[in-house]
Amino acid sequence: MRLSHLSLLMQRSMIVLLACAVTITPIVPAQAQGRIPVVRDAEIEGLLLDYARPILKTAGLNRRGIEIILVNSPSFNAFVDGRRIFINTGAIAIAQSPNEIIGVVAHETGHLAGGHQHRIREQIARAKTLAVVGTLVGIGAAAAGSLSGTSGAAEAGGGLASAAPSIAQRSLLSYRRSEETTADRAAVKYLNATGQSSKGMLTTFKRFSQQRALAGVRSNPYESSHPLPRERIALMEELAKKSKHYNKKDSKTLQRRHDMARGKIAAYAGGAPAVGRVFRNDPNNVGARYGMAISSYLRGDTRKALAGIDKLIASNKSNPYLYEMKGEIYLAARQPKKAAAAFAKAVKLDKKKSAVIRGRLGFAYLSTGEKSQMKKAIRELRASISADQNNFSAYSYLSRAYAQSGDIANAELTQAEAYFRSGRVREAKTFAVRAQQKLKKGTPSWQRANDIVKYKKKK
């Protein structure tokens, strides 16, 4: 998403988007070198969970705390780390059907169920060992050649040393390709077991192949961590077309939700022009209308945005995310009481009990600036944090609510916890010490502050 549309609260280790209940927070997976911008959105998170739930259950992973995390990136990509599946916003925006993303989830689930992360770390360690041993053997051969006065042996030894890292790398890449193929097969198995088509996976592979062809990319199979596109396509066609579910289509309800997610992502990524491009062949699609309403809100035309959202609500009165968006529009229009009413409706309708929406309701109460509303704000924000401790923006809002209600000790303690969870340990300790000075020693709140004060980073 292009973030210029949104109001940002920037801190060293987190970025909080103050619109549409979206939060972007950097996460550092084990295999990554930098931080990953994670998008928090109740609607899209709920959709991805519905895509993943039957797949995870079939794979035996439904009770292992697997998280589906949305990454702020325009490319079509997904990966796993720990117990988390990361999916790019671009993947959802590009995929024309839910089945394509469900196929992606199934593939990544195959990696998790197969324990590929643990094994790949073992292979990396083995590859490093091969490289080191090969280099030492080469150096030894070169030294022996030099001592014996045999120049050919010395040159051969040097060549062996330089080739060792390359051999180790090829060994590792070969292993990675085999794991990708295993994950493909597992994905087809999960899709068949849940009565879903593998056609979406095949569509994705063909898309990748076309993109590589247009870019003039030619792959060396010995220098690639994934099977070549033509090989994956051939395998997928063979496996997918054997299934009796191959021609099965997604339900109209699921397609509608998918289109609305695409419209939302397009609106935040590039406004009305981006929405128009995504739905150029179907401008009356519900996703297009939703995206256009959000685009109006983002450019400050709250009257037009409300009109668009109200039309959508009229045809789908049980959709909590439409009321959530209506609350965001009212906040932008500086009508926090109406925003609170809309968010309260969203919370009531939300069967998934999203902590993100609950946090926005708390923020709406806070935004009234009325002391009589602070108890409601504190209640909702505490409930949001209790349900999802990674809802970083809720901590800051809760701190402000405590401060406005006159409870400075808990305001400072909450701010300390916000800093601590976002990785700013020094600032967290400062606020924790200030909170301790105002709290009664030995109380649960004092102990929470003390835990932060005594915390030491592990080497």
# chains A, B, ... in the order shown; residues from 1 in each chain; ligands from 1
$ residues_around --residues "Phe431 in chain A" --least-positions-apart "4" --cutoff "12 Å" --atoms "only C-alpha atoms" --output "PDB file with C-alpha atoms, in the first residue's frame"
ATOM      1  CA  SER A 399      -2.233   5.164  27.891  1.00  0.00           C
ATOM      2  CA  ILE A 408      -1.155   8.813  35.491  1.00  0.00           C
ATOM      3  CA  ALA A 409       0.447   5.710  37.035  1.00  0.00           C
ATOM      4  CA  ASN A 410      -1.369   3.317  34.724  1.00  0.00           C
ATOM      5  CA  ALA A 411      -0.883   5.696  31.808  1.00  0.00           C
ATOM      6  CA  GLU A 412       2.887   5.464  32.278  1.00  0.00           C
ATOM      7  CA  LEU A 413       2.781   1.707  32.889  1.00  0.00           C
ATOM      8  CA  THR A 414       0.795   1.133  29.687  1.00  0.00           C
ATOM      9  CA  GLN A 415       3.197   3.328  27.731  1.00  0.00           C
ATOM     10  CA  ALA A 416       6.085   1.314  29.175  1.00  0.00           C
ATOM     11  CA  GLU A 417       4.442  -1.901  27.953  1.00  0.00           C
ATOM     12  CA  ALA A 418       3.842  -0.349  24.531  1.00  0.00           C
ATOM     13  CA  TYR A 419       7.525   0.548  24.209  1.00  0.00           C
ATOM     14  CA  PHE A 420       8.607  -2.856  25.523  1.00  0.00           C
ATOM     15  CA  ARG A 424      12.204   0.032  22.567  1.00  0.00           C
ATOM     16  CA  VAL A 425      13.509  -1.351  25.840  1.00  0.00           C
ATOM     17  CA  ARG A 426      15.323   1.792  27.016  1.00  0.00           C
ATOM     18  CA  GLU A 427      12.195   3.951  26.749  1.00  0.00           C
ATOM     19  CA  ALA A 435       5.074   4.192  36.956  1.00  0.00           C
ATOM     20  CA  GLN A 436       6.612   2.286  39.892  1.00  0.00           C
ATOM     21  CA  GLN A 437       7.092   5.518  41.799  1.00  0.00           C
ATOM     22  CA  LYS A 438       3.316   6.081  41.689  1.00  0.00           C
ATOM     23  CA  ARG A 448       4.440  -5.597  35.809  1.00  0.00           C
ATOM     24  CA  ALA A 449       6.492  -2.418  35.901  1.00  0.00           C
ATOM     25  CA  ASN A 450       9.218  -4.169  37.881  1.00  0.00           C
ATOM     26  CA  ILE A 452      10.273  -4.367  32.658  1.00  0.00           C
ATOM     27  CA  VAL A 453      12.772  -2.551  34.901  1.00  0.00           C
TER      28      VAL A 453
END
$ residues_around --residues "Leu48 in chain A" --least-positions-apart "6" --cutoff "12 Å" --atoms "only C-alpha atoms" --output "list in words"
Asp41, Ala42, Pro54, Ile55, Leu56, Glu67, Ile68, Ile69, Leu70, Ile85, Phe86, Ile87, Asn88, Thr89, Ala91, Ile92, Pro98, Asn99, Glu100, Ile101, Ile102, Gly103, Val104, Val105, Ala106, Leu254, Arg257, His258 and Ala261 of chain A
$ closest_residue --among "A:Ala339, A:Val39, A:Val433, A:Leu331" --to "Tyr268 in chain A" --atoms "only C-alpha atoms"
A:Val39
$ atom_distance --atom1 "CA of Gly90 in chain A" --atom2 "CA of Asn77 in chain A"
7.5 Å
$ atom_distance --atom1 "CA of Tyr397 in chain A" --atom2 "CA of Lys264 in chain A"
24.8 Å
